[in-house]
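A.B. asks: Here you go, work30.tsv (TSV, C-alpha atoms and all ligand atoms):
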```tsv
chain	number	residue	atom	x	y	z
A	1	MET	CA	-11.62	11.13	25.99
A	2	LYS	CA	-11.63	7.91	23.98
A	3	VAL	CA	-8.64	6.90	21.86
A	4	LEU	CA	-8.51	5.71	18.24
A	5	ALA	CA	-5.44	4.00	16.78
A	6	VAL	CA	-5.50	3.91	12.98
A	7	SER	CA	-2.83	2.43	10.73
A	8	GLY	CA	-2.16	4.16	7.41
A	9	GLY	CA	-4.05	7.15	8.77
A	10	ALA	CA	-2.08	9.94	7.08
A	11	GLN	CA	-3.86	9.74	3.72
A	12	GLY	CA	-6.83	8.22	1.96
A	13	ILE	CA	-9.46	6.24	3.85
A	14	GLY	CA	-7.35	6.13	7.02
A	15	ARG	CA	-7.20	9.93	7.12
A	16	ALA	CA	-10.98	10.13	6.80
A	17	VAL	CA	-11.29	7.64	9.66
A	18	ALA	CA	-8.90	9.74	11.79
A	19	GLU	CA	-10.83	12.95	11.11
A	20	HIS	CA	-14.27	11.33	11.61
A	21	PHE	CA	-13.38	9.88	15.04
A	22	ALA	CA	-11.65	13.14	16.04
A	23	ARG	CA	-14.89	15.03	15.31
A	24	ALA	CA	-16.57	12.59	17.73
A	25	ASP	CA	-14.05	13.70	20.36
A	26	TYR	CA	-11.56	10.85	20.09
A	27	ALA	CA	-7.83	11.40	20.56
A	28	VAL	CA	-6.15	9.87	17.50
A	29	SER	CA	-2.89	7.98	17.00
A	30	VAL	CA	-1.66	7.26	13.47
A	31	ILE	CA	1.11	4.97	12.25
A	32	ASP	CA	2.15	5.75	8.69
A	33	PRO	CA	5.52	5.74	6.86
A	34	ALA	CA	4.56	8.92	4.96
A	35	VAL	CA	6.40	11.51	7.07
A	36	ASP	CA	5.22	14.68	5.30
A	37	ALA	CA	1.61	13.53	5.11
A	38	GLY	CA	1.64	12.52	8.78
A	39	GLU	CA	3.14	15.86	9.88
A	40	ASP	CA	0.60	17.74	7.76
A	41	LEU	CA	-2.28	15.79	9.31
A	42	VAL	CA	-1.03	16.51	12.84
A	43	ARG	CA	-0.56	20.23	12.06
A	44	ARG	CA	-4.06	20.57	10.59
A	45	MET	CA	-5.85	18.52	13.24
A	46	ARG	CA	-4.08	20.24	16.13
A	47	GLY	CA	-5.04	23.54	14.48
A	48	GLU	CA	-8.66	22.42	14.88
A	49	GLY	CA	-8.03	21.68	18.57
A	50	ARG	CA	-7.76	17.89	18.16
A	51	LYS	CA	-5.46	15.61	20.15
A	52	VAL	CA	-3.42	13.62	17.63
A	53	ILE	CA	-0.02	11.95	17.24
A	54	HIS	CA	1.70	10.51	14.19
A	55	VAL	CA	4.32	7.79	14.51
A	56	THR	CA	6.43	6.97	11.47
A	57	GLY	CA	6.48	3.23	10.90
A	58	ASP	CA	5.68	0.15	8.87
A	59	VAL	CA	2.88	-2.16	10.08
A	60	ALA	CA	4.71	-5.18	8.64
A	61	ASN	CA	7.44	-4.63	11.24
A	62	LYS	CA	6.54	-5.92	14.70
A	63	SER	CA	8.83	-3.54	16.61
A	64	ASP	CA	7.38	-0.55	14.70
A	65	VAL	CA	3.88	-1.67	15.72
A	66	THR	CA	4.69	-2.36	19.37
A	67	GLY	CA	6.60	0.95	19.52
A	68	TRP	CA	3.56	2.75	18.05
A	69	MET	CA	1.24	1.18	20.60
A	70	ALA	CA	3.62	2.03	23.49
A	71	ARG	CA	3.80	5.69	22.37
A	72	THR	CA	0.02	5.78	21.96
A	73	GLU	CA	-0.52	4.52	25.52
A	74	ALA	CA	2.12	6.87	26.94
A	75	GLU	CA	1.04	10.02	25.07
A	76	ILE	CA	-2.75	9.82	24.61
A	77	GLY	CA	-3.89	6.64	26.38
A	78	CYS	CA	-4.85	3.04	25.70
A	79	PRO	CA	-6.80	2.63	22.46
A	80	ASP	CA	-10.54	2.04	22.75
A	81	VAL	CA	-10.71	1.44	19.00
A	82	LEU	CA	-8.22	0.15	16.45
A	83	VAL	CA	-8.87	0.56	12.74
A	84	ALA	CA	-6.34	-1.66	10.94
A	85	ASN	CA	-6.47	0.17	7.63
A	86	ALA	CA	-2.95	0.22	6.14
A	87	GLY	CA	-2.79	-1.55	2.82
A	88	ILE	CA	-0.82	-1.65	-0.43
A	89	ASN	CA	-1.27	-3.23	-3.83
A	90	ARG	CA	1.32	-4.54	-6.30
A	91	ARG	CA	-0.40	-5.67	-9.44
A	92	ALA	CA	1.41	-7.84	-11.98
A	93	PRO	CA	0.46	-10.59	-14.44
A	94	ALA	CA	-0.13	-13.78	-12.45
A	95	LEU	CA	2.62	-15.66	-14.29
A	96	GLU	CA	5.15	-12.92	-13.61
A	97	LEU	CA	4.32	-11.73	-10.09
A	98	ALA	CA	7.58	-11.67	-8.12
A	99	THR	CA	7.60	-13.68	-4.90
A	100	SER	CA	9.02	-10.63	-3.14
A	101	ASP	CA	6.01	-8.54	-4.25
A	102	PHE	CA	3.56	-11.27	-3.18
A	103	ASP	CA	5.29	-11.45	0.22
A	104	ARG	CA	5.35	-7.68	0.67
A	105	VAL	CA	1.62	-7.30	-0.01
A	106	LEU	CA	0.84	-10.13	2.43
A	107	ALA	CA	3.25	-8.67	5.00
A	108	VAL	CA	1.71	-5.18	4.98
A	109	ASN	CA	-1.93	-6.06	4.46
A	110	LEU	CA	-2.35	-9.29	6.43
A	111	ARG	CA	0.56	-9.62	8.87
A	112	GLY	CA	0.27	-5.86	9.48
A	113	ALA	CA	-3.41	-6.14	10.37
A	114	PHE	CA	-2.63	-9.03	12.73
A	115	LEU	CA	0.29	-7.24	14.42
A	116	CYS	CA	-1.81	-4.09	14.95
A	117	ALA	CA	-4.74	-6.12	16.31
A	118	GLN	CA	-2.45	-8.13	18.60
A	119	ALA	CA	-0.72	-5.04	20.01
A	120	ALA	CA	-3.99	-3.13	20.47
A	121	ALA	CA	-5.68	-6.14	22.09
A	122	GLN	CA	-2.76	-6.61	24.49
A	123	ALA	CA	-3.18	-2.99	25.60
A	124	MET	CA	-6.99	-3.32	25.83
A	125	ALA	CA	-6.68	-6.57	27.82
A	126	ARG	CA	-4.25	-4.96	30.31
A	127	ARG	CA	-6.65	-2.07	30.82
A	128	LYS	CA	-9.64	-4.45	31.21
A	129	ARG	CA	-12.19	-2.14	29.57
A	130	GLY	CA	-12.64	-4.01	26.34
A	131	GLY	CA	-12.65	-2.28	22.99
A	132	ALA	CA	-13.37	-2.61	19.30
A	133	ILE	CA	-11.19	-3.55	16.35
A	134	VAL	CA	-12.17	-2.86	12.75
A	135	THR	CA	-10.11	-4.37	9.94
A	136	ILE	CA	-10.27	-3.12	6.36
A	137	ALA	CA	-10.54	-5.79	3.68
A	138	SER	CA	-12.02	-5.18	0.22
A	139	THR	CA	-14.74	-6.44	-2.08
A	140	ARG	CA	-11.72	-8.03	-3.80
A	141	ALA	CA	-11.75	-10.60	-1.00
A	142	PHE	CA	-14.84	-12.02	-2.77
A	143	MET	CA	-14.56	-11.01	-6.44
A	144	SER	CA	-11.60	-10.47	-8.74
A	145	GLU	CA	-10.16	-8.95	-11.85
A	146	PRO	CA	-7.24	-10.76	-13.50
A	147	ASP	CA	-3.72	-10.29	-12.10
A	148	THR	CA	-4.67	-9.30	-8.56
A	149	GLU	CA	-3.55	-12.47	-6.74
A	150	ALA	CA	-1.48	-10.94	-3.93
A	151	TYR	CA	-3.99	-8.26	-3.04
A	152	ALA	CA	-7.02	-10.59	-3.25
A	153	ALA	CA	-5.28	-13.22	-1.11
A	154	SER	CA	-4.34	-10.64	1.51
A	155	LYS	CA	-7.90	-9.33	1.71
A	156	GLY	CA	-9.45	-12.78	1.87
A	157	GLY	CA	-7.04	-13.44	4.73
A	158	ILE	CA	-8.23	-10.33	6.55
A	159	VAL	CA	-11.86	-11.52	6.46
A	160	ALA	CA	-10.80	-14.87	7.99
A	161	LEU	CA	-8.46	-13.15	10.47
A	162	THR	CA	-11.41	-11.03	11.59
A	163	HIS	CA	-13.68	-13.91	12.57
A	164	ALA	CA	-10.80	-15.79	14.21
A	165	LEU	CA	-9.90	-12.72	16.31
A	166	ALA	CA	-13.55	-12.16	17.20
A	167	LEU	CA	-13.59	-15.59	18.83
A	168	SER	CA	-10.25	-15.19	20.60
A	169	LEU	CA	-10.83	-11.65	21.87
A	170	GLY	CA	-14.55	-11.88	22.67
A	171	PRO	CA	-13.92	-13.08	26.24
A	172	MET	CA	-11.81	-9.91	26.78
A	173	GLY	CA	-14.74	-7.71	25.78
A	174	ILE	CA	-13.18	-6.87	22.42
A	175	ARG	CA	-15.37	-7.00	19.30
A	176	VAL	CA	-13.67	-7.48	15.95
A	177	ASN	CA	-15.35	-6.67	12.64
A	178	CYS	CA	-14.31	-6.00	9.08
A	179	VAL	CA	-15.28	-3.38	6.51
A	180	SER	CA	-14.91	-4.31	2.84
A	181	PRO	CA	-14.85	-1.17	0.71
A	182	GLY	CA	-15.68	-1.18	-2.96
A	183	TRP	CA	-14.37	1.58	-5.24
A	184	ILE	CA	-13.47	4.49	-2.97
A	185	GLU	CA	-12.10	7.68	-4.54
A	186	THR	CA	-9.06	8.80	-2.55
A	187	ARG	CA	-7.19	11.09	-4.96
A	188	ASP	CA	-8.36	14.19	-3.10
A	189	TRP	CA	-7.36	12.64	0.25
A	190	GLN	CA	-3.65	12.37	-0.60
A	191	PHE	CA	-0.80	14.69	0.38
A	192	GLY	CA	1.33	16.88	-1.88
A	193	GLY	CA	2.18	15.49	-5.30
A	194	ARG	CA	-0.08	12.46	-4.83
A	195	ALA	CA	-3.20	14.61	-4.54
A	196	ALA	CA	-5.43	15.15	-7.57
A	197	GLN	CA	-8.94	16.30	-8.29
A	198	PRO	CA	-11.17	13.28	-8.96
A	199	VAL	CA	-12.90	13.05	-12.32
A	200	HIS	CA	-15.65	10.46	-12.79
A	201	THR	CA	-17.54	9.58	-15.92
A	202	GLU	CA	-21.26	8.83	-16.09
A	203	ARG	CA	-20.28	5.16	-16.55
A	204	ASP	CA	-18.21	5.26	-13.33
A	205	ARG	CA	-21.23	6.57	-11.47
A	206	SER	CA	-23.94	4.47	-13.08
A	207	GLN	CA	-22.21	1.14	-12.42
A	208	HIS	CA	-22.97	1.80	-8.73
A	209	PRO	CA	-26.62	1.23	-7.73
A	210	VAL	CA	-26.38	4.29	-5.45
A	211	GLY	CA	-25.32	6.40	-8.45
A	212	ARG	CA	-21.84	7.49	-7.37
A	213	VAL	CA	-18.31	6.34	-6.60
A	214	GLY	CA	-17.49	5.86	-2.90
A	215	ARG	CA	-15.85	8.45	-0.67
A	216	PRO	CA	-13.44	7.85	2.25
A	217	GLU	CA	-16.10	9.25	4.58
A	218	ASP	CA	-18.40	6.33	3.59
A	219	ILE	CA	-15.85	3.93	5.08
A	220	ALA	CA	-15.21	6.13	8.12
A	221	GLN	CA	-18.96	6.05	8.90
A	222	ALA	CA	-19.01	2.24	8.67
A	223	CYS	CA	-15.98	1.98	10.97
A	224	PHE	CA	-17.63	4.34	13.46
A	225	TYR	CA	-20.85	2.33	13.39
A	226	LEU	CA	-19.00	-0.95	14.04
A	227	ALA	CA	-16.85	0.58	16.79
A	228	GLU	CA	-19.45	2.67	18.60
A	229	GLN	CA	-22.95	1.52	17.76
A	230	ALA	CA	-22.81	-2.22	17.14
A	231	GLU	CA	-22.60	-3.82	20.58
A	232	PHE	CA	-24.13	-7.11	19.38
A	233	VAL	CA	-22.04	-7.40	16.21
A	234	THR	CA	-18.73	-9.26	16.09
A	235	GLY	CA	-16.83	-11.37	13.58
A	236	GLN	CA	-18.75	-9.81	10.69
A	237	ASN	CA	-17.82	-8.31	7.36
A	238	LEU	CA	-19.68	-5.19	6.22
A	239	ILE	CA	-19.52	-4.52	2.48
A	240	VAL	CA	-19.60	-0.79	1.70
A	241	ASP	CA	-19.57	-0.53	-2.07
A	242	GLY	CA	-22.65	1.41	-3.20
A	243	GLY	CA	-24.23	-1.92	-4.12
A	244	MET	CA	-21.71	-2.74	-6.85
A	245	THR	CA	-21.13	-6.36	-5.82
A	246	VAL	CA	-24.81	-7.28	-5.81
A	247	LYS	CA	-25.28	-6.06	-9.36
A	248	MET	CA	-25.69	-8.82	-11.93
A	249	ILE	CA	-23.88	-8.11	-15.20
A	250	TYR	CA	-24.97	-9.72	-18.48
A	251	GLU	CA	-22.91	-9.17	-21.62
A	252	GLU	CA	-25.19	-7.94	-24.43
B	301	LIG	N1	-9.55	3.05	-2.17
B	301	LIG	C1	-10.24	1.96	-2.49
B	301	LIG	O1	-10.97	1.92	-3.51
B	301	LIG	C2	-10.17	0.74	-1.61
B	301	LIG	C3	-11.03	-0.33	-1.91
B	301	LIG	C4	-11.01	-1.46	-1.11
B	301	LIG	C5	-10.14	-1.53	-0.03
B	301	LIG	N2	-9.31	-0.50	0.23
B	301	LIG	C6	-8.40	-0.65	1.38
B	301	LIG	O2	-8.52	0.47	2.23
B	301	LIG	C7	-7.29	0.71	2.89
B	301	LIG	C8	-6.85	2.15	2.63
B	301	LIG	O3	-6.73	2.32	1.22
B	301	LIG	P1	-6.58	3.76	0.56
B	301	LIG	O4	-7.20	3.64	-0.80
B	301	LIG	O5	-7.00	4.81	1.48
B	301	LIG	O6	-4.97	3.78	0.35
B	301	LIG	P2	-4.02	5.05	0.24
B	301	LIG	O7	-2.84	4.58	-0.55
B	301	LIG	O8	-4.77	6.24	-0.21
B	301	LIG	O9	-3.55	5.30	1.74
B	301	LIG	C9	-2.88	4.30	2.43
B	301	LIG	C10	-2.09	4.92	3.57
B	301	LIG	O10	-1.39	3.82	4.20
B	301	LIG	C11	-0.03	4.16	4.34
B	301	LIG	N3	0.79	2.95	4.32
B	301	LIG	C12	1.30	2.31	3.22
B	301	LIG	N4	2.07	1.29	3.61
B	301	LIG	C13	2.04	1.29	4.96
B	301	LIG	C14	2.69	0.48	5.93
B	301	LIG	N5	3.52	-0.51	5.58
B	301	LIG	N6	2.47	0.74	7.24
B	301	LIG	C15	1.65	1.75	7.61
B	301	LIG	N7	1.02	2.56	6.73
B	301	LIG	C16	1.24	2.32	5.42
B	301	LIG	C17	0.27	5.09	3.18
B	301	LIG	O11	1.42	5.90	3.43
B	301	LIG	C18	-1.02	5.90	3.08
B	301	LIG	O12	-0.96	7.05	3.90
B	301	LIG	C19	-6.31	-0.33	2.34
B	301	LIG	O13	-6.26	-1.44	3.19
B	301	LIG	C20	-6.94	-0.71	1.01
B	301	LIG	O14	-6.56	-2.00	0.59
B	301	LIG	C21	-9.29	0.63	-0.53
```
Reformat the file's structure so that it appears as C-alpha cells.
C.D. replies:
Amino acid sequence: MKVLAVSGGAQGIGRAVAEHFARADYAVSVIDPAVDAGEDLVRRMRGEGRKVIHVTGDVANKSDVTGWMARTEAEIGCPDVLVANAGINRRAPALELATSDFDRVLAVNLRGAFLCAQAAAQAMARRKRGGAIVTIASTRAFMSEPDTEAYAASKGGIVALTHALALSLGPMGIRVNCVSPGWIETRDWQFGGRAAQPVHTERDRSQHPVGRVGRPEDIAQACFYLAEQAEFVTGQNLIVDGGMTVKMIYEE
C-alpha cells in the first residue's frame, strides 16, 4: 500500500486530496491543527475501511513537521507522495499590514511547504525508492487583487521553491511539481461551524471559461496526475482554474 502525507488535510482542498488518494488505495497521514476536523476525518475514513492517521500540528514549526513524518513512517510507512497543501491568508490594506501577519503567512505557506518537503524527502531518500512532492500555490502567484501582499508573496515563493526542489531532489528519484488553484469552493468541505452550503451566482459561474467555480476534487485530480501519472514532469506549475487566468477582460 502506498502512503500519502498531506498537510492541512482535515478540511478543504487537503481533505479532498486525502479522500481521493485513499480511494486509490493509499494510506493517508494528515497534519492539521484542527483537532475536531482531523478526528472527524479519521472516524469517517476508517469507517470506509481506509488506513489514515491525523497528527495535530503546525507546519510552520519544524519539530511538529519532523514529529509528523516520524509518526507517519512508524504507523503507516514512508510517504510515496507528499502534498504540501496547508495555507492561510491574512488580508489587510498594504499600508497597514502588520509585520507579524506578513511573517505568519510566509511561515505557514512557504516555510511550512519547505519543512514538509524537506522532511518527506529525507524519509524518501533513506528508503531509496524515490517519490513525488506536490506543492499548492495559487493563481495569485501570478495575478493580484489589491491588499494581498503576504499571500501573493508566499505563493510566488512556492512556485520558485518547487523548481529549486525539483533540481535538488531529482537525483534522488523525487519529482516536485506545483498546482496553482484558481477559485475553489471549499465551504462544503469544512467541519462543524465552518461548513456552509455554497451559493454561486450566474456571474460567478460565467467568469470561468468552463462555466463553473472550482471544486476541491479538481485540485485532488491534478495532484494525483502529477504524483502518479506524470513520470516525465518535474519542476512545473499546473494552473487549475477553469481557464480564468487566460481570460482577457476589457472594461466596457
Ligand atoms: N480555496 C481556494 O480558492 C484556493 C485557491 C488557491 C489556492 N488555495 C490554496 O490551497 C490550499 C488549501 O486551501 P483551502 O481553501 O482548502 O483552505 P481551508 O482553509 O479550507 O483548509 C486549510 C486546512 O489547513 C489547515 N491549516 C491551517 N493552518 C495550518 C498550519 N499552520 N499547519 C497545518 N495545517 C494548517 C486548516 O486547519 C484547514 O484544515 C492553501 O494552500 C490555499 O492557499 C486555495
A.B. asks: CA of Ala5 in chain A and CA of Ala150 in chain A are how many Å apart?
C.D. replies: 25.8 Å
A.B. asks: Could you produce a table of the residues of chain A lying within 6 Å of ligand LIG 301 (chain B), with the nearest pair of atoms per residue and their separation in Å rounded to one decimal, using all atoms listed in the file, ordered by chain and increasing residue number, as a tab-separated table?
C.D. replies:
```
residue	atom	partner	partner_atom	distance
A:Ser7	CA	B:LIG301	C15	5.5
A:Gly8	CA	B:LIG301	O10	3.3
A:Gly9	CA	B:LIG301	O12	5.8
A:Ala10	CA	B:LIG301	O12	4.4
A:Gln11	CA	B:LIG301	O12	4.0
A:Gly12	CA	B:LIG301	O5	3.4
A:Ile13	CA	B:LIG301	O5	3.7
A:Gly14	CA	B:LIG301	O5	5.7
A:Ile31	CA	B:LIG301	C15	5.7
A:Asp32	CA	B:LIG301	N7	3.9
A:Pro33	CA	B:LIG301	O11	5.3
A:Ala34	CA	B:LIG301	O11	4.6
A:Gly57	CA	B:LIG301	N6	6.0
A:Asp58	CA	B:LIG301	N6	3.6
A:Val59	CA	B:LIG301	N6	4.1
A:Ala60	CA	B:LIG301	N5	5.7
A:Asn85	CA	B:LIG301	O13	4.7
A:Ala86	CA	B:LIG301	O10	4.4
A:Gly87	CA	B:LIG301	O13	3.5
A:Ile88	CA	B:LIG301	N4	5.8
A:Val108	CA	B:LIG301	N5	5.0
A:Ile136	CA	B:LIG301	O13	5.4
A:Ala137	CA	B:LIG301	C5	5.7
A:Ser138	CA	B:LIG301	C4	4.1
A:Pro181	CA	B:LIG301	C4	4.3
A:Gly182	CA	B:LIG301	C3	4.8
A:Trp183	CA	B:LIG301	O1	3.8
A:Ile184	CA	B:LIG301	O1	3.6
A:Glu185	CA	B:LIG301	N1	5.8
A:Thr186	CA	B:LIG301	O8	5.5
```
A.B. asks: Those same residues - C-alpha atoms - I'd like them written as a JSON list (two decimals), in the coordinates of the input.
C.D. replies:
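This is the output file out.json:
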```json
[["chain", "number", "residue", "atom", "x", "y", "z"],
["A", 7, "SER", "CA", -2.83, 2.43, 10.73],
["A", 8, "GLY", "CA", -2.16, 4.16, 7.41],
["A", 9, "GLY", "CA", -4.05, 7.15, 8.77],
["A", 10, "ALA", "CA", -2.08, 9.94, 7.08],
["A", 11, "GLN", "CA", -3.86, 9.74, 3.72],
["A", 12, "GLY", "CA", -6.83, 8.22, 1.96],
["A", 13, "ILE", "CA", -9.46, 6.24, 3.85],
["A", 14, "GLY", "CA", -7.35, 6.13, 7.02],
["A", 31, "ILE", "CA", 1.11, 4.97, 12.25],
["A", 32, "ASP", "CA", 2.15, 5.75, 8.69],
["A", 33, "PRO", "CA", 5.52, 5.74, 6.86],
["A", 34, "ALA", "CA", 4.56, 8.92, 4.96],
["A", 57, "GLY", "CA", 6.48, 3.23, 10.90],
["A", 58, "ASP", "CA", 5.68, 0.15, 8.87],
["A", 59, "VAL", "CA", 2.88, -2.16, 10.08],
["A", 60, "ALA", "CA", 4.71, -5.18, 8.64],
["A", 85, "ASN", "CA", -6.47, 0.17, 7.63],
["A", 86, "ALA", "CA", -2.95, 0.22, 6.14],
["A", 87, "GLY", "CA", -2.79, -1.55, 2.82],
["A", 88, "ILE", "CA", -0.82, -1.65, -0.43],
["A", 108, "VAL", "CA", 1.71, -5.18, 4.98],
["A", 136, "ILE", "CA", -10.27, -3.12, 6.36],
["A", 137, "ALA", "CA", -10.54, -5.79, 3.68],
["A", 138, "SER", "CA", -12.02, -5.18, 0.22],
["A", 181, "PRO", "CA", -14.85, -1.17, 0.71],
["A", 182, "GLY", "CA", -15.68, -1.18, -2.96],
["A", 183, "TRP", "CA", -14.37, 1.58, -5.24],
["A", 184, "ILE", "CA", -13.47, 4.49, -2.97],
["A", 185, "GLU", "CA", -12.10, 7.68, -4.54],
["A", 186, "THR", "CA", -9.06, 8.80, -2.55]]
```
A.B. asks: So how many Å separate CA of Gly130 in chain A and CA of Cys78 in chain A, to one decimal?
C.D. replies: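 So the two atoms, CA of Gly130 in chain A and CA of Cys78 in chain A, lie 10.5 Å apart.
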A.B. asks: For a test of reading the model, state the distance in Å between CA of Gln221 in chain A and CA of Thr135 in chain A, rounded to one decimal.
C.D. replies: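 CA of Thr135 in chain A lies at a distance of 13.7 Å from CA of Gln221 in chain A.
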A.B. asks: My list of candidates is A:Asp25, A:Asp103, A:Glu145, A:Glu252. Which is closest to Lys2 in chain A when distances are computed with all atoms listed in the file?
C.D. replies: A:Asp25
A.B. asks: Please list as a PDB file with C-alpha atoms, keeping the file's coordinate frame every residue within 8 Å of Gln197 in chain A, counting all atoms listed in the file and excluding residues in the same chain fewer than 2 positions away.
C.D. replies:
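Below is the file that was written, out.pdb:
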```pdb
ATOM      1  CA  ARG A 187      -7.190  11.090  -4.960  1.00  0.00           C
ATOM      2  CA  ASP A 188      -8.360  14.190  -3.100  1.00  0.00           C
ATOM      3  CA  ALA A 195      -3.200  14.610  -4.540  1.00  0.00           C
ATOM      4  CA  VAL A 199     -12.900  13.050 -12.320  1.00  0.00           C
TER       5      VAL A 199
END
```
A.B. asks: Using only C-alpha atoms, pick whichever of A:Ala227, A:Gln236, A:Gln207, A:Ala123 has the shortest atom-to-atom distance to Ala164 in chain A.
C.D. replies: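 Residue with the minimum atom-to-atom distance to Ala164 in chain A: A:Gln236.
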A.B. asks: Nearest to Arg194 in chain A among A:Ala37, A:Ala222, A:Ala84, A:Ala141, with distances taken over all atoms listed in the file: which residue is it?
C.D. replies: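 Comparing A:Ala37, A:Ala222, A:Ala84, A:Ala141 against Arg194 in chain A, the winner is A:Ala37.
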A.B. asks: May I have the residues within 8 Å of Lys128 in chain A as a list of chain:residue names, using only C-alpha atoms and disregarding those fewer than 3 positions away in the same chain?
C.D. replies: A:Met124, A:Ala125, A:Met172
A.B. asks: Nearest to Ala166 in chain A: which of A:Val233, A:Glu228, A:Thr56, A:Leu238 is it, counting all atoms listed in the file?
C.D. replies: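 The closest residue to Ala166 in chain A is A:Val233.
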A.B. asks: Quick one: everything within 8 Å of Phe21 in chain A, counting only C-alpha atoms, minus sequence neighbours fewer than 6 positions away in the same chain. Send it as number ranges by chain.
C.D. replies: A: 4, 27-28, 224
A.B. asks: Which residue is closest to Leu226 in chain A? Choose from A:Val81, A:Leu106, A:Val159, A:Ala24 and count only C-alpha atoms.
C.D. replies: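 Nearest candidate to Leu226 in chain A out of A:Val81, A:Leu106, A:Val159, A:Ala24: A:Val81.
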A.B. asks: Rank A:Asp80, A:Asp147, A:Asp36, A:Glu48 by their smallest atom-to-atom distance to Gly131 in chain A, using only C-alpha atoms, and report the top residue only.
C.D. replies: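 Closest candidate: A:Asp80.
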